[in-house]
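*Asks:* One structure coming up, written as structure tokens, with questions to follow.
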Amino acid sequence: MVPLRFPDRPEDSERRAQITARHLLVGAFLVVAVATAAMFAQAATGHVASMHATSANVTVADYDVTDGDRLDLTLRVHNPTIRDLELGPALVNAYVDGEQTTDGTTTTFDGGPIPADETVEITGTLGLREAGGDRLRSADRVEVRGRLKVFVGDELIYVRVDTVGVSE
Amino acid sequence: MSGGTSSGWSSDAQDATGLHRTAAFLLEGVAVGLLAGMGAFVYNTPQFVGLGADAKLLLVPMVGAGAFAHLFASSLRDSIRLGLTGFFVGLAVFVGAWIAPLWMLSYPPTARDVLLPEMVGDVMSAAFLNYAGAYLGGYLLTVSLGALWE
């Protein structure tokens with residue numbers, strides 16, 4: 001049986017208009033919700049990662065005093081978080097028997113960013129104090145202390161560096 | 001629900017059963033709340049979003065959630081219920097997402113005890129400073145414009 005079609009009553013067209021408006025409304029909501037959810041995923045992972053990043057593990061992989069009396073320092077950094085860590089300027093110094101041998105200025109390390117849940121070696125060159133080179137060359141143990149600046153998105157996080165390198 | 005006094009600009013939907021309406025109400029309330037809560041979180045952590053855009057744009061989801069709460073409702077009574085449900089669901093989503101890392105990351109219980117009040121304080125002040133204003137602003141603006149329109 002073919003259903004009979006009656007001419008539209010005013011209520012029908014009004015109802016159809018309501019249903020269309022409803023669809024538009026739900027569609028608009030979904031567009032806003034999907035865009036917000038995408039940004040929320042970024043924000044929530046960043047929030048977790050920035051709280052996690054302080055527990056990044058830093059060890060000395062290698063160090064070498066160059067002829068030009070500078071210290072080539074290689075740090076092994078483990079990023080435990082779910083986001084990549086960008087590297088900012090670091091303030092780390094090398095100590096021999098508790099005495100500072102490097103010049104105390106900031107160092108830019110190469111080798112970043114550190115991908116999520118990976119361990120990466122980063123290298124930087126530190127200036128030395130007077131006679132620092134000789135002390136470092138003769139030392140068996142070099143303490144490296146200070147902090148790395150890392151970024152999750154635009155959020156700055158300090159990672160503490162407190163580690164010992166042993167000469168081979 | 002129906003059969004009471006007239007509640008506003010349009011009548012309650014007559015053709016839906018009670019169960020259907022409750023389910024639809026819960027769905028709408030949770031949807032609005034999720035949008036509001038996610039919007040609040042995003043607005044308060046623009047440093048992670050990487051839009052580089054004007055941070056004021058991130059108010060749109062919260063204002064929008066308040067507006068949708070009224071637009072989804074079939075009557076003024078429904079609108080108030082939905083508006084309040086969305087507000088509190090959104091607050092729960094915002095606070096929950098903010099403090100979730102304390103349990104997602106392996107904090108020792110003592111550290112958690114120290115950090116939790118601090119983080120709850122942060123998120124509640126953000127909730128009152130911008131979430132409440134943006135969400136309720138969006139809601140009331142839509143209610144007012146709706147009243148003018150009809």
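Just so we're on the same page: first chain in the structure tokens is A, next is B, and so on; residues restart at 1 for each chain, and ligands are numbered from 1 in the order they show up.
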Could you give me, as a Markdown table, every chain A residue with an atom at most 8 Å from chain B, plus its closest atom pair and distance in Å to one decimal, counting only C-alpha atoms, rows ordered by chain then number?

*Replies:*
```
| residue | atom | partner | partner_atom | distance |
| --- | --- | --- | --- | --- |
| A:Leu25 | CA | B:Leu71 | CA | 7.8 |
| A:Phe29 | CA | B:Phe68 | CA | 7.2 |
| A:Val32 | CA | B:Pro61 | CA | 6.7 |
| A:Ala33 | CA | B:Leu35 | CA | 5.7 |
| A:Thr36 | CA | B:Gly39 | CA | 6.3 |
| A:Ala37 | CA | B:Met38 | CA | 6.7 |
| A:Met39 | CA | B:Val49 | CA | 5.9 |
| A:Phe40 | CA | B:Val42 | CA | 5.6 |
| A:Gln42 | CA | B:Val49 | CA | 5.6 |
| A:Ala43 | CA | B:Phe48 | CA | 5.0 |
| A:Ala44 | CA | B:Ala97 | CA | 7.1 |
| A:Gly46 | CA | B:Phe48 | CA | 5.5 |
| A:His47 | CA | B:Phe48 | CA | 7.5 |
| A:Val48 | CA | B:Pro101 | CA | 5.4 |
| A:Met51 | CA | B:Pro101 | CA | 7.4 |
| A:His52 | CA | B:Leu105 | CA | 7.0 |
| A:Val152 | CA | B:Phe48 | CA | 6.9 |
| A:Gly153 | CA | B:Phe48 | CA | 4.7 |
| A:Asp154 | CA | B:Gln47 | CA | 4.8 |
| A:Glu155 | CA | B:Gln47 | CA | 5.8 |
```

*Asks:* Using DSSP assignments from the backbone, pull out every residue in range 6-159 of chain A that falls under strand (DSSP E) and give it to me as a JSON list (two decimals) with N, CA and C atoms, in the first residue's frame.

*Replies:*
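Resulting contents of out_32.json:
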```json
[["chain", "number", "residue", "atom", "x", "y", "z"],
["A", 57, "ASN", "N", 65.45, 12.09, 34.39],
["A", 57, "ASN", "CA", 66.71, 11.63, 34.96],
["A", 57, "ASN", "C", 67.89, 12.10, 34.09],
["A", 58, "VAL", "N", 68.86, 12.73, 34.73],
["A", 58, "VAL", "CA", 70.03, 13.25, 34.00],
["A", 58, "VAL", "C", 71.29, 12.63, 34.57],
["A", 59, "THR", "N", 72.11, 12.04, 33.69],
["A", 59, "THR", "CA", 73.41, 11.51, 34.12],
["A", 59, "THR", "C", 74.48, 12.02, 33.17],
["A", 60, "VAL", "N", 75.72, 11.97, 33.63],
["A", 60, "VAL", "CA", 76.84, 12.36, 32.77],
["A", 60, "VAL", "C", 77.20, 11.17, 31.89],
["A", 61, "ALA", "N", 77.13, 11.36, 30.57],
["A", 61, "ALA", "CA", 77.52, 10.29, 29.65],
["A", 61, "ALA", "C", 79.02, 10.37, 29.38],
["A", 62, "ASP", "N", 79.54, 11.58, 29.26],
["A", 62, "ASP", "CA", 80.94, 11.74, 28.88],
["A", 62, "ASP", "C", 81.35, 13.18, 29.14],
["A", 63, "TYR", "N", 82.64, 13.37, 29.48],
["A", 63, "TYR", "CA", 83.13, 14.74, 29.52],
["A", 63, "TYR", "C", 84.58, 14.75, 29.04],
["A", 64, "ASP", "N", 84.98, 15.89, 28.55],
["A", 64, "ASP", "CA", 86.30, 15.97, 27.95],
["A", 64, "ASP", "C", 86.76, 17.43, 28.01],
["A", 65, "VAL", "N", 87.98, 17.64, 28.51],
["A", 65, "VAL", "CA", 88.52, 18.99, 28.54],
["A", 65, "VAL", "C", 89.29, 19.21, 27.23],
["A", 70, "ARG", "N", 88.15, 24.35, 27.43],
["A", 70, "ARG", "CA", 86.70, 24.32, 27.58],
["A", 70, "ARG", "C", 86.32, 22.90, 27.92],
["A", 71, "LEU", "N", 85.12, 22.75, 28.48],
["A", 71, "LEU", "CA", 84.66, 21.42, 28.89],
["A", 71, "LEU", "C", 83.53, 20.98, 27.96],
["A", 72, "ASP", "N", 83.80, 19.91, 27.21],
["A", 72, "ASP", "CA", 82.73, 19.31, 26.41],
["A", 72, "ASP", "C", 81.99, 18.32, 27.30],
["A", 73, "LEU", "N", 80.74, 18.59, 27.50],
["A", 73, "LEU", "CA", 79.96, 17.78, 28.43],
["A", 73, "LEU", "C", 78.81, 17.11, 27.68],
["A", 74, "THR", "N", 78.70, 15.80, 27.86],
["A", 74, "THR", "CA", 77.58, 15.07, 27.27],
["A", 74, "THR", "C", 76.72, 14.53, 28.40],
["A", 75, "LEU", "N", 75.46, 14.93, 28.39],
["A", 75, "LEU", "CA", 74.52, 14.46, 29.41],
["A", 75, "LEU", "C", 73.53, 13.50, 28.77],
["A", 76, "ARG", "N", 73.19, 12.47, 29.53],
["A", 76, "ARG", "CA", 72.17, 11.53, 29.06],
["A", 76, "ARG", "C", 70.89, 11.88, 29.82],
["A", 77, "VAL", "N", 69.87, 12.26, 29.07],
["A", 77, "VAL", "CA", 68.62, 12.71, 29.69],
["A", 77, "VAL", "C", 67.51, 11.74, 29.32],
["A", 78, "HIS", "N", 66.83, 11.24, 30.34],
["A", 78, "HIS", "CA", 65.65, 10.41, 30.10],
["A", 78, "HIS", "C", 64.40, 11.24, 30.31],
["A", 86, "GLU", "N", 61.36, 20.26, 24.90],
["A", 86, "GLU", "CA", 62.28, 21.17, 24.20],
["A", 86, "GLU", "C", 63.33, 21.63, 25.20],
["A", 87, "LEU", "N", 64.54, 21.86, 24.69],
["A", 87, "LEU", "CA", 65.61, 22.30, 25.58],
["A", 87, "LEU", "C", 65.76, 23.81, 25.54],
["A", 91, "LEU", "N", 71.78, 25.88, 33.14],
["A", 91, "LEU", "CA", 72.80, 26.42, 34.04],
["A", 91, "LEU", "C", 73.37, 25.25, 34.83],
["A", 92, "VAL", "N", 74.44, 24.68, 34.28],
["A", 92, "VAL", "CA", 75.09, 23.56, 34.97],
["A", 92, "VAL", "C", 76.57, 23.88, 35.11],
["A", 93, "ASN", "N", 77.14, 23.39, 36.19],
["A", 93, "ASN", "CA", 78.56, 23.59, 36.46],
["A", 93, "ASN", "C", 79.20, 22.29, 36.87],
["A", 94, "ALA", "N", 80.51, 22.22, 36.61],
["A", 94, "ALA", "CA", 81.29, 21.03, 37.00],
["A", 94, "ALA", "C", 82.12, 21.38, 38.24],
["A", 95, "TYR", "N", 82.14, 20.48, 39.17],
["A", 95, "TYR", "CA", 82.86, 20.69, 40.43],
["A", 95, "TYR", "C", 83.86, 19.57, 40.63],
["A", 96, "VAL", "N", 85.04, 19.92, 41.13],
["A", 96, "VAL", "CA", 86.02, 18.92, 41.53],
["A", 96, "VAL", "C", 86.27, 19.14, 43.02],
["A", 99, "GLU", "N", 84.73, 22.14, 44.48],
["A", 99, "GLU", "CA", 85.10, 23.46, 44.00],
["A", 99, "GLU", "C", 84.68, 23.63, 42.54],
["A", 100, "GLN", "N", 84.09, 24.77, 42.26],
["A", 100, "GLN", "CA", 83.57, 24.99, 40.90],
["A", 100, "GLN", "C", 84.72, 25.23, 39.93],
["A", 119, "THR", "N", 65.44, 8.23, 25.88],
["A", 119, "THR", "CA", 66.66, 8.74, 26.47],
["A", 119, "THR", "C", 67.55, 9.26, 25.36],
["A", 120, "VAL", "N", 68.04, 10.47, 25.53],
["A", 120, "VAL", "CA", 68.80, 11.14, 24.49],
["A", 120, "VAL", "C", 70.06, 11.72, 25.10],
["A", 121, "GLU", "N", 71.14, 11.73, 24.32],
["A", 121, "GLU", "CA", 72.36, 12.39, 24.80],
["A", 121, "GLU", "C", 72.42, 13.79, 24.24],
["A", 122, "ILE", "N", 72.67, 14.75, 25.11],
["A", 122, "ILE", "CA", 72.76, 16.15, 24.68],
["A", 122, "ILE", "C", 74.18, 16.63, 25.00],
["A", 123, "THR", "N", 74.70, 17.47, 24.12],
["A", 123, "THR", "CA", 76.07, 17.92, 24.30],
["A", 123, "THR", "C", 76.13, 19.43, 24.39],
["A", 124, "GLY", "N", 77.03, 19.90, 25.23],
["A", 124, "GLY", "CA", 77.23, 21.33, 25.36],
["A", 124, "GLY", "C", 78.68, 21.61, 25.73],
["A", 125, "THR", "N", 79.09, 22.85, 25.51],
["A", 125, "THR", "CA", 80.46, 23.25, 25.82],
["A", 125, "THR", "C", 80.43, 24.32, 26.90],
["A", 126, "LEU", "N", 81.12, 24.06, 27.99],
["A", 126, "LEU", "CA", 81.15, 24.97, 29.12],
["A", 126, "LEU", "C", 82.48, 25.71, 29.17],
["A", 127, "GLY", "N", 82.42, 27.00, 29.47],
["A", 127, "GLY", "CA", 83.64, 27.76, 29.70],
["A", 127, "GLY", "C", 84.23, 27.40, 31.06],
["A", 141, "ARG", "N", 86.83, 12.06, 39.61],
["A", 141, "ARG", "CA", 85.37, 12.23, 39.70],
["A", 141, "ARG", "C", 85.04, 13.70, 39.47],
["A", 142, "VAL", "N", 84.08, 13.93, 38.65],
["A", 142, "VAL", "CA", 83.60, 15.30, 38.43],
["A", 142, "VAL", "C", 82.11, 15.34, 38.75],
["A", 143, "GLU", "N", 81.77, 16.22, 39.65],
["A", 143, "GLU", "CA", 80.34, 16.40, 39.95],
["A", 143, "GLU", "C", 79.76, 17.43, 38.99],
["A", 144, "VAL", "N", 78.59, 17.15, 38.48],
["A", 144, "VAL", "CA", 77.90, 18.12, 37.63],
["A", 144, "VAL", "C", 76.58, 18.45, 38.31],
["A", 145, "ARG", "N", 76.43, 19.72, 38.63],
["A", 145, "ARG", "CA", 75.21, 20.15, 39.33],
["A", 145, "ARG", "C", 74.63, 21.38, 38.63],
["A", 146, "GLY", "N", 73.33, 21.54, 38.81],
["A", 146, "GLY", "CA", 72.66, 22.71, 38.23],
["A", 146, "GLY", "C", 71.27, 22.33, 37.79],
["A", 147, "ARG", "N", 70.80, 23.01, 36.76],
["A", 147, "ARG", "CA", 69.45, 22.70, 36.29],
["A", 147, "ARG", "C", 69.35, 22.95, 34.79],
["A", 148, "LEU", "N", 68.51, 22.13, 34.17],
["A", 148, "LEU", "CA", 68.19, 22.30, 32.76],
["A", 148, "LEU", "C", 66.83, 22.99, 32.67],
["A", 149, "LYS", "N", 66.73, 23.90, 31.72],
["A", 149, "LYS", "CA", 65.42, 24.45, 31.41],
["A", 149, "LYS", "C", 64.83, 23.59, 30.31],
["A", 150, "VAL", "N", 63.64, 23.05, 30.54],
["A", 150, "VAL", "CA", 62.96, 22.34, 29.46],
["A", 150, "VAL", "C", 61.56, 22.93, 29.31],
["A", 151, "PHE", "N", 61.00, 22.72, 28.14],
["A", 151, "PHE", "CA", 59.67, 23.26, 27.85],
["A", 151, "PHE", "C", 58.73, 22.16, 27.39],
["A", 152, "VAL", "N", 57.53, 22.15, 27.97],
["A", 152, "VAL", "CA", 56.41, 21.37, 27.42],
["A", 152, "VAL", "C", 55.47, 22.42, 26.84],
["A", 155, "GLU", "N", 55.34, 25.92, 28.44],
["A", 155, "GLU", "CA", 55.52, 25.87, 29.90],
["A", 155, "GLU", "C", 56.97, 25.52, 30.24],
["A", 156, "LEU", "N", 57.57, 26.38, 31.07],
["A", 156, "LEU", "CA", 58.96, 26.18, 31.47],
["A", 156, "LEU", "C", 59.02, 25.29, 32.71],
["A", 157, "ILE", "N", 59.89, 24.30, 32.66],
["A", 157, "ILE", "CA", 60.08, 23.41, 33.81],
["A", 157, "ILE", "C", 61.58, 23.27, 34.05],
["A", 158, "TYR", "N", 61.98, 23.35, 35.30],
["A", 158, "TYR", "CA", 63.38, 23.14, 35.64],
["A", 158, "TYR", "C", 63.60, 21.68, 36.00],
["A", 159, "VAL", "N", 64.62, 21.10, 35.40],
["A", 159, "VAL", "CA", 65.02, 19.73, 35.73],
["A", 159, "VAL", "C", 66.33, 19.80, 36.49]]
```

*Asks:* Determine which residues of range 11-95 of chain A DSSP labels as helix (DSSP H, G or I) from the backbone of this structure, then write them out as number ranges by chain.

*Replies:* A: 11-55

*Asks:* So that I can see what lies close to Arg129 in chain A, please list as a list in words the residues with an atom at most 9 Å from it, counting only C-alpha atoms and leaving out residues fewer than 6 positions away in the same chain.

*Replies:*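 In the requested form, the answer reads Asp69, Gln100, Thr101, Thr102, Asp103 and Gly104 of chain A.
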
*Asks:* With N, CA, C and O atoms retained, could you export that selection as an mmCIF file, in the first residue's frame?

*Replies:*
```cif
data_model
loop_
_atom_site.group_PDB
_atom_site.id
_atom_site.type_symbol
_atom_site.label_atom_id
_atom_site.label_comp_id
_atom_site.auth_asym_id
_atom_site.auth_seq_id
_atom_site.Cartn_x
_atom_site.Cartn_y
_atom_site.Cartn_z
ATOM 1 N N ASP A 69 90.834 24.849 26.602
ATOM 2 C CA ASP A 69 90.341 25.010 27.961
ATOM 3 C C ASP A 69 88.835 25.272 28.023
ATOM 4 O O ASP A 69 88.361 26.262 28.568
ATOM 5 N N GLN A 100 84.086 24.765 42.257
ATOM 6 C CA GLN A 100 83.568 24.985 40.905
ATOM 7 C C GLN A 100 84.718 25.229 39.932
ATOM 8 O O GLN A 100 85.608 26.034 40.190
ATOM 9 N N THR A 101 84.664 24.523 38.803
ATOM 10 C CA THR A 101 85.729 24.669 37.815
ATOM 11 C C THR A 101 85.252 25.371 36.549
ATOM 12 O O THR A 101 86.062 25.839 35.757
ATOM 13 N N THR A 102 83.933 25.407 36.352
ATOM 14 C CA THR A 102 83.401 26.045 35.141
ATOM 15 C C THR A 102 82.979 27.475 35.465
ATOM 16 O O THR A 102 82.864 27.844 36.632
ATOM 17 N N ASP A 103 82.754 28.280 34.421
ATOM 18 C CA ASP A 103 82.643 29.719 34.648
ATOM 19 C C ASP A 103 81.270 30.206 35.116
ATOM 20 O O ASP A 103 81.094 31.402 35.373
ATOM 21 N N GLY A 104 80.301 29.299 35.219
ATOM 22 C CA GLY A 104 79.023 29.689 35.814
ATOM 23 C C GLY A 104 78.052 30.372 34.880
ATOM 24 O O GLY A 104 77.043 30.905 35.329
#
```

*Asks:* Name the residues in contact with Leu141 in chain B at a cut-off of 10 Å, using only C-alpha atoms, excluding same-chain residues fewer than 3 positions from it; report them as a list of chain:residue names.

*Replies:*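 Skipping anything fewer than 3 positions along the chain leaves B:Val63, B:Gly66, B:Ala67, B:His70, B:Tyr135, B:Leu136, B:Gly137, B:Gly138, B:Ser144, B:Leu145, B:Gly146, B:Ala147.
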
*Asks:* For the selection you just gave me, I'd like the residues written to a file as a short mmCIF file (atom, residue, chain, number, x, y, z; two decimals), in the first residue's frame, keeping N, CA, C and O atoms.

*Replies:*
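Okay, selection24.cif is ready:
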```cif
data_model
loop_
_atom_site.label_atom_id
_atom_site.label_comp_id
_atom_site.auth_asym_id
_atom_site.auth_seq_id
_atom_site.Cartn_x
_atom_site.Cartn_y
_atom_site.Cartn_z
N VAL B 63 31.65 29.80 26.99
CA VAL B 63 30.48 30.62 26.68
C VAL B 63 29.49 29.81 25.85
O VAL B 63 28.28 29.81 26.10
N GLY B 66 27.46 27.27 27.88
CA GLY B 66 26.34 27.92 28.56
C GLY B 66 25.19 28.20 27.60
O GLY B 66 24.02 27.98 27.92
N ALA B 67 25.55 28.66 26.39
CA ALA B 67 24.53 28.95 25.39
C ALA B 67 23.80 27.67 24.96
O ALA B 67 22.57 27.65 24.89
N HIS B 70 21.01 26.34 27.24
CA HIS B 70 19.67 26.92 27.05
C HIS B 70 19.05 26.50 25.72
O HIS B 70 17.86 26.19 25.66
N TYR B 135 30.77 30.65 31.61
CA TYR B 135 29.67 29.71 31.39
C TYR B 135 28.32 30.38 31.70
O TYR B 135 27.40 30.37 30.88
N LEU B 136 28.23 30.95 32.92
CA LEU B 136 26.95 31.56 33.31
C LEU B 136 26.66 32.79 32.45
O LEU B 136 25.49 33.07 32.14
N GLY B 137 27.71 33.50 32.05
CA GLY B 137 27.53 34.64 31.15
C GLY B 137 26.92 34.19 29.83
O GLY B 137 25.96 34.79 29.34
N GLY B 138 27.47 33.13 29.28
CA GLY B 138 26.95 32.59 28.02
C GLY B 138 25.51 32.12 28.17
O GLY B 138 24.66 32.37 27.31
N SER B 144 18.51 35.63 27.87
CA SER B 144 18.00 36.99 27.66
C SER B 144 17.69 37.24 26.20
O SER B 144 16.61 37.76 25.86
N LEU B 145 18.62 36.85 25.32
CA LEU B 145 18.38 37.06 23.89
C LEU B 145 17.21 36.22 23.42
O LEU B 145 16.40 36.67 22.60
N GLY B 146 17.06 35.00 23.98
CA GLY B 146 15.93 34.15 23.62
C GLY B 146 14.62 34.81 24.00
O GLY B 146 13.63 34.76 23.27
N ALA B 147 14.61 35.46 25.19
CA ALA B 147 13.40 36.13 25.64
C ALA B 147 13.06 37.32 24.74
O ALA B 147 11.90 37.56 24.42
#
```

*Asks:* Smallest atom-to-atom distance to Leu82 in chain B: which of B:Phe94, B:Tyr139, B:Tyr131, B:Trp103, using only C-alpha atoms?

*Replies:*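 Among B:Phe94, B:Tyr139, B:Tyr131, B:Trp103, it is B:Tyr139 that comes nearest to Leu82 in chain B.
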
*Asks:* Quote the spacing between CA of Arg137 in chain A and CA of Thr66 in chain A in Å to one decimal place.

*Replies:*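 Going from CA of Arg137 in chain A over to CA of Thr66 in chain A covers 9.7 Å.
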